[in-house]
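Before any comments, here is the structure.
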Amino acid sequence: MPTMTPTPGATAVRQAVARDAKRLTRLVRGSRAYRDPYAAMVAGYRVGPDYIEAHRVFVAVDTGDPAGRVLGFYSLILAPPELDLLFVADGSQGRGIGRLLVGHMKAEARAAGLDRVRVVSHPPAEGFYLSVGARLTGTVSANPPAVAWERPELEFLIEDPAGFDRRARRETPVTGTLAESPGVHAGDECILRLL
């Protein structure tokens, strides 16, 4: 599991625990993004301890706050791979916390061997997801009464640490010797891959 070294007055990401459930529920229900026409979607929403135990839920916390104030959180479901929840507290938006959480989520997905993660976005959040590397793949139909509007469907492609898209990588046998390959010198050790 990727971890971050906390710095006083900084933001760190840690795995959520059962006692975070009420704070996460308040963050979801109190979000300005879900006011007015979107309020019905989160009116009775609850992030319970059972949800936290069943999924990979991580919180961004203020390391300078003795209580470890929660600034945001996300939930990654592995099968099928989906970013189920991502919220940043209203007063903490615009500080890079959403980007931090998405970066952490990508690292978790990579560590779990995922090559992509689906997101069904709240319509006002679509621009954020596009700005952090998601690509639009379609639209999810309304599902009244709680969700009375269409939502953008996006996905993050998860690259391996070397920067290659796993879906594009194909191991192909290479014939010949390393010395015949351009830029490879006798004695060099390497793996040749055709992408």
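Scheme for the structure tokens: letters A, B, ... for chains in order shown; per-chain residue numbers from 1; ligand numbers from 1 in order shown.
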Expected answer as number ranges by chain: strand (DSSP E or B) residues in region 102-140 of chain A: A: 116-120, 135-140
Can you spit out the residues from that selection as a CSV table (one decimal), in the first residue's frame, using all heavy atoms?
chain,number,residue,atom,x,y,z
A,116,ARG,N,-7.2,-0.3,-15.7
A,116,ARG,CA,-8.1,0.8,-15.9
A,116,ARG,C,-9.1,0.9,-14.7
A,116,ARG,O,-9.3,-0.1,-14.0
A,116,ARG,CB,-8.9,0.7,-17.2
A,116,ARG,CG,-9.9,-0.5,-17.2
A,116,ARG,CD,-10.5,-0.7,-18.5
A,116,ARG,NE,-9.6,-1.1,-19.5
A,116,ARG,CZ,-9.5,-0.7,-20.7
A,116,ARG,NH1,-10.3,0.2,-21.2
A,116,ARG,NH2,-8.6,-1.2,-21.5
A,117,VAL,N,-9.6,2.1,-14.4
A,117,VAL,CA,-10.6,2.3,-13.4
A,117,VAL,C,-11.7,3.2,-13.9
A,117,VAL,O,-11.5,4.3,-14.4
A,117,VAL,CB,-9.9,3.0,-12.1
A,117,VAL,CG1,-11.0,3.3,-11.1
A,117,VAL,CG2,-8.8,2.1,-11.5
A,118,ARG,N,-12.9,2.7,-13.8
A,118,ARG,CA,-14.1,3.4,-14.3
A,118,ARG,C,-14.6,4.4,-13.3
A,118,ARG,O,-14.4,4.2,-12.1
A,118,ARG,CB,-15.2,2.3,-14.5
A,118,ARG,CG,-16.6,2.9,-14.9
A,118,ARG,CD,-17.6,1.8,-15.0
A,118,ARG,NE,-18.8,2.2,-15.5
A,118,ARG,CZ,-20.0,2.2,-14.9
A,118,ARG,NH1,-20.0,1.6,-13.7
A,118,ARG,NH2,-21.1,2.6,-15.4
A,119,VAL,N,-15.1,5.5,-13.8
A,119,VAL,CA,-15.7,6.5,-12.9
A,119,VAL,C,-17.1,6.9,-13.5
A,119,VAL,O,-17.1,7.3,-14.7
A,119,VAL,CB,-14.8,7.8,-12.8
A,119,VAL,CG1,-15.5,8.9,-12.0
A,119,VAL,CG2,-13.5,7.5,-12.4
A,120,VAL,N,-18.1,6.9,-12.7
A,120,VAL,CA,-19.4,7.5,-13.1
A,120,VAL,C,-19.5,8.8,-12.4
A,120,VAL,O,-19.6,8.8,-11.1
A,120,VAL,CB,-20.6,6.5,-12.8
A,120,VAL,CG1,-21.9,7.3,-13.2
A,120,VAL,CG2,-20.5,5.2,-13.6
A,135,ARG,N,-10.5,9.9,-19.2
A,135,ARG,CA,-11.1,10.1,-20.5
A,135,ARG,C,-12.5,9.7,-20.6
A,135,ARG,O,-12.9,8.7,-19.9
A,135,ARG,CB,-10.3,9.4,-21.6
A,135,ARG,CG,-10.3,7.9,-21.6
A,135,ARG,CD,-9.4,7.3,-22.7
A,135,ARG,NE,-9.6,5.8,-22.6
A,135,ARG,CZ,-10.4,5.2,-23.5
A,135,ARG,NH1,-11.0,5.8,-24.5
A,135,ARG,NH2,-10.5,3.9,-23.4
A,136,LEU,N,-13.3,10.5,-21.3
A,136,LEU,CA,-14.8,10.2,-21.4
A,136,LEU,C,-15.0,9.0,-22.2
A,136,LEU,O,-14.4,8.8,-23.3
A,136,LEU,CB,-15.4,11.5,-22.0
A,136,LEU,CG,-16.9,11.5,-22.1
A,136,LEU,CD1,-17.5,11.4,-20.6
A,136,LEU,CD2,-17.4,12.7,-22.8
A,137,THR,N,-15.8,8.1,-21.7
A,137,THR,CA,-16.1,6.9,-22.5
A,137,THR,C,-17.6,6.7,-22.8
A,137,THR,O,-18.0,5.8,-23.6
A,137,THR,CB,-15.7,5.6,-21.7
A,137,THR,OG1,-16.4,5.6,-20.4
A,137,THR,CG2,-14.2,5.6,-21.5
A,138,GLY,N,-18.5,7.5,-22.2
A,138,GLY,CA,-19.9,7.4,-22.5
A,138,GLY,C,-20.7,8.2,-21.5
A,138,GLY,O,-20.2,9.0,-20.8
A,139,THR,N,-22.0,7.8,-21.4
A,139,THR,CA,-23.0,8.4,-20.5
A,139,THR,C,-23.8,7.3,-19.9
A,139,THR,O,-24.2,6.4,-20.5
A,139,THR,CB,-23.9,9.4,-21.3
A,139,THR,OG1,-23.1,10.3,-22.0
A,139,THR,CG2,-24.9,10.1,-20.4
A,140,VAL,N,-24.0,7.5,-18.6
A,140,VAL,CA,-24.9,6.6,-17.8
A,140,VAL,C,-26.2,7.2,-17.7
A,140,VAL,O,-26.4,8.4,-17.3
A,140,VAL,CB,-24.3,6.3,-16.4
A,140,VAL,CG1,-25.2,5.4,-15.6
A,140,VAL,CG2,-22.9,5.6,-16.6
Contacts of Gly127 (chain A) at 12 Å (only C-alpha atoms; same-chain gap of 5+ positions) as a PyMOL selection string: chain A and resi 121-122+132-136+152+154
Shell around region 82-88 of chain A at 9 Å using only C-alpha atoms, local window under 2 positions removed, as a PDB file with C-alpha atoms, in the first residue's frame:
ATOM      1  CA  LEU A  24     -17.103  10.584   5.712  1.00  0.00           C
ATOM      2  CA  LEU A  27     -18.624  15.082   4.139  1.00  0.00           C
ATOM      3  CA  VAL A  28     -20.807  13.428   1.456  1.00  0.00           C
ATOM      4  CA  SER A  31     -21.105  18.697  -0.067  1.00  0.00           C
ATOM      5  CA  VAL A  57     -11.118   3.653   1.259  1.00  0.00           C
ATOM      6  CA  ALA A  60      -6.624  12.861   3.099  1.00  0.00           C
ATOM      7  CA  VAL A  70     -10.430  14.793   7.124  1.00  0.00           C
ATOM      8  CA  LEU A  71      -9.999  16.970   4.035  1.00  0.00           C
ATOM      9  CA  GLY A  72     -11.282  14.427   1.517  1.00  0.00           C
ATOM     10  CA  PHE A  73     -11.513  10.744   0.694  1.00  0.00           C
ATOM     11  CA  TYR A  74     -11.939   8.212  -2.067  1.00  0.00           C
ATOM     12  CA  SER A  75     -13.107   4.642  -2.426  1.00  0.00           C
ATOM     13  CA  LEU A  76     -11.671   2.189  -4.943  1.00  0.00           C
ATOM     14  CA  ILE A  77     -13.623  -0.963  -5.762  1.00  0.00           C
ATOM     15  CA  LEU A  78     -11.455  -3.673  -7.301  1.00  0.00           C
ATOM     16  CA  ALA A  79     -14.008  -5.919  -9.009  1.00  0.00           C
ATOM     17  CA  PRO A  80     -15.125  -4.495 -11.299  1.00  0.00           C
ATOM     18  CA  ASP A  90     -15.888  22.271   0.540  1.00  0.00           C
ATOM     19  CA  GLY A  91     -13.385  24.403   2.488  1.00  0.00           C
ATOM     20  CA  SER A  92     -10.441  22.371   1.187  1.00  0.00           C
ATOM     21  CA  GLN A  93     -11.183  22.516  -2.532  1.00  0.00           C
ATOM     22  CA  ILE A  97      -6.304  17.520  -2.494  1.00  0.00           C
ATOM     23  CA  GLY A  98      -8.448  16.023  -5.257  1.00  0.00           C
ATOM     24  CA  LEU A 101      -6.315  11.556  -3.951  1.00  0.00           C
ATOM     25  CA  VAL A 102      -6.507  10.665  -7.655  1.00  0.00           C
ATOM     26  CA  MET A 105      -5.902   5.989  -6.242  1.00  0.00           C
ATOM     27  CA  ARG A 116      -8.126   0.846 -15.861  1.00  0.00           C
ATOM     28  CA  VAL A 117     -10.581   2.302 -13.369  1.00  0.00           C
ATOM     29  CA  ARG A 118     -14.121   3.365 -14.294  1.00  0.00           C
ATOM     30  CA  VAL A 119     -15.731   6.532 -12.917  1.00  0.00           C
ATOM     31  CA  VAL A 120     -19.395   7.463 -13.136  1.00  0.00           C
ATOM     32  CA  GLU A 155     -12.033   5.888 -17.110  1.00  0.00           C
TER      33      GLU A 155
END
Atomic separation - CA of Ala16 (chain A) relative to CA of Glu53 (chain A), Å: 8.6 Å
Could you give me, as a PDB file with N, CA and C atoms, in the first residue's frame, the residues within 12 Å of Arg46 (chain A), counting only C-alpha atoms and dropping anything in the same chain fewer than 3 positions from it?
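Printed below is around.pdb as written:
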ATOM      1  N   ASP A  20     -13.906   6.412  11.041  1.00  0.00           N
ATOM      2  CA  ASP A  20     -14.025   7.530  10.094  1.00  0.00           C
ATOM      3  C   ASP A  20     -15.408   7.603   9.465  1.00  0.00           C
ATOM      4  N   ALA A  21     -16.219   6.571   9.626  1.00  0.00           N
ATOM      5  CA  ALA A  21     -17.485   6.456   8.891  1.00  0.00           C
ATOM      6  C   ALA A  21     -18.381   7.680   9.043  1.00  0.00           C
ATOM      7  N   LYS A  22     -18.584   8.156  10.246  1.00  0.00           N
ATOM      8  CA  LYS A  22     -19.488   9.300  10.446  1.00  0.00           C
ATOM      9  C   LYS A  22     -18.939  10.559   9.792  1.00  0.00           C
ATOM     10  N   ARG A  23     -17.631  10.778   9.887  1.00  0.00           N
ATOM     11  CA  ARG A  23     -17.040  11.972   9.257  1.00  0.00           C
ATOM     12  C   ARG A  23     -17.182  11.912   7.739  1.00  0.00           C
ATOM     13  N   LEU A  24     -16.986  10.717   7.164  1.00  0.00           N
ATOM     14  CA  LEU A  24     -17.103  10.584   5.712  1.00  0.00           C
ATOM     15  C   LEU A  24     -18.548  10.772   5.264  1.00  0.00           C
ATOM     16  N   THR A  25     -19.477  10.251   6.040  1.00  0.00           N
ATOM     17  CA  THR A  25     -20.901  10.432   5.731  1.00  0.00           C
ATOM     18  C   THR A  25     -21.264  11.916   5.768  1.00  0.00           C
ATOM     19  N   ARG A  26     -20.786  12.635   6.784  1.00  0.00           N
ATOM     20  CA  ARG A  26     -21.070  14.081   6.877  1.00  0.00           C
ATOM     21  C   ARG A  26     -20.470  14.828   5.685  1.00  0.00           C
ATOM     22  N   LEU A  27     -19.273  14.427   5.271  1.00  0.00           N
ATOM     23  CA  LEU A  27     -18.624  15.082   4.139  1.00  0.00           C
ATOM     24  C   LEU A  27     -19.466  14.904   2.876  1.00  0.00           C
ATOM     25  N   VAL A  28     -19.980  13.690   2.638  1.00  0.00           N
ATOM     26  CA  VAL A  28     -20.807  13.428   1.456  1.00  0.00           C
ATOM     27  C   VAL A  28     -22.104  14.230   1.523  1.00  0.00           C
ATOM     28  N   ARG A  29     -22.818  14.115   2.623  1.00  0.00           N
ATOM     29  CA  ARG A  29     -24.128  14.773   2.734  1.00  0.00           C
ATOM     30  C   ARG A  29     -24.035  16.290   2.760  1.00  0.00           C
ATOM     31  N   GLY A  30     -22.919  16.824   3.231  1.00  0.00           N
ATOM     32  CA  GLY A  30     -22.771  18.275   3.330  1.00  0.00           C
ATOM     33  C   GLY A  30     -22.136  18.928   2.117  1.00  0.00           C
ATOM     34  N   MET A  41     -29.740  12.679  -4.319  1.00  0.00           N
ATOM     35  CA  MET A  41     -28.780  11.591  -4.488  1.00  0.00           C
ATOM     36  C   MET A  41     -28.048  11.250  -3.194  1.00  0.00           C
ATOM     37  N   VAL A  42     -27.783  12.242  -2.352  1.00  0.00           N
ATOM     38  CA  VAL A  42     -27.004  11.988  -1.135  1.00  0.00           C
ATOM     39  C   VAL A  42     -27.817  12.147   0.149  1.00  0.00           C
ATOM     40  N   ALA A  43     -29.105  12.438   0.018  1.00  0.00           N
ATOM     41  CA  ALA A  43     -29.929  12.719   1.195  1.00  0.00           C
ATOM     42  C   ALA A  43     -29.830  11.629   2.259  1.00  0.00           C
ATOM     43  N   PRO A  49     -19.118   1.643   8.494  1.00  0.00           N
ATOM     44  CA  PRO A  49     -17.912   0.865   8.779  1.00  0.00           C
ATOM     45  C   PRO A  49     -17.801  -0.379   7.899  1.00  0.00           C
ATOM     46  N   ASP A  50     -18.936  -0.991   7.574  1.00  0.00           N
ATOM     47  CA  ASP A  50     -18.927  -2.178   6.709  1.00  0.00           C
ATOM     48  C   ASP A  50     -18.433  -1.832   5.301  1.00  0.00           C
ATOM     49  N   TYR A  51     -18.811  -0.654   4.800  1.00  0.00           N
ATOM     50  CA  TYR A  51     -18.350  -0.202   3.485  1.00  0.00           C
ATOM     51  C   TYR A  51     -16.828   0.008   3.529  1.00  0.00           C
ATOM     52  N   ILE A  52     -16.345   0.634   4.571  1.00  0.00           N
ATOM     53  CA  ILE A  52     -14.917   0.910   4.718  1.00  0.00           C
ATOM     54  C   ILE A  52     -14.121  -0.390   4.780  1.00  0.00           C
ATOM     55  N   LEU A  85     -16.323   6.546  -4.954  1.00  0.00           N
ATOM     56  CA  LEU A  85     -16.538   7.832  -4.301  1.00  0.00           C
ATOM     57  C   LEU A  85     -15.246   8.638  -4.332  1.00  0.00           C
TER      58      LEU A  85
END
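Ranking A:Gly113, A:Ala67, A:Ala39, A:Ser131 by their shortest atom-to-atom distance to Ala148 (chain A), with only C-alpha atoms included, puts A:Ala39 first.
Closest approach to Leu157 (chain A) from the set A:Ala12, A:Leu100, A:Ala89, A:Leu114 is made by A:Leu114, with distances taken over only C-alpha atoms.
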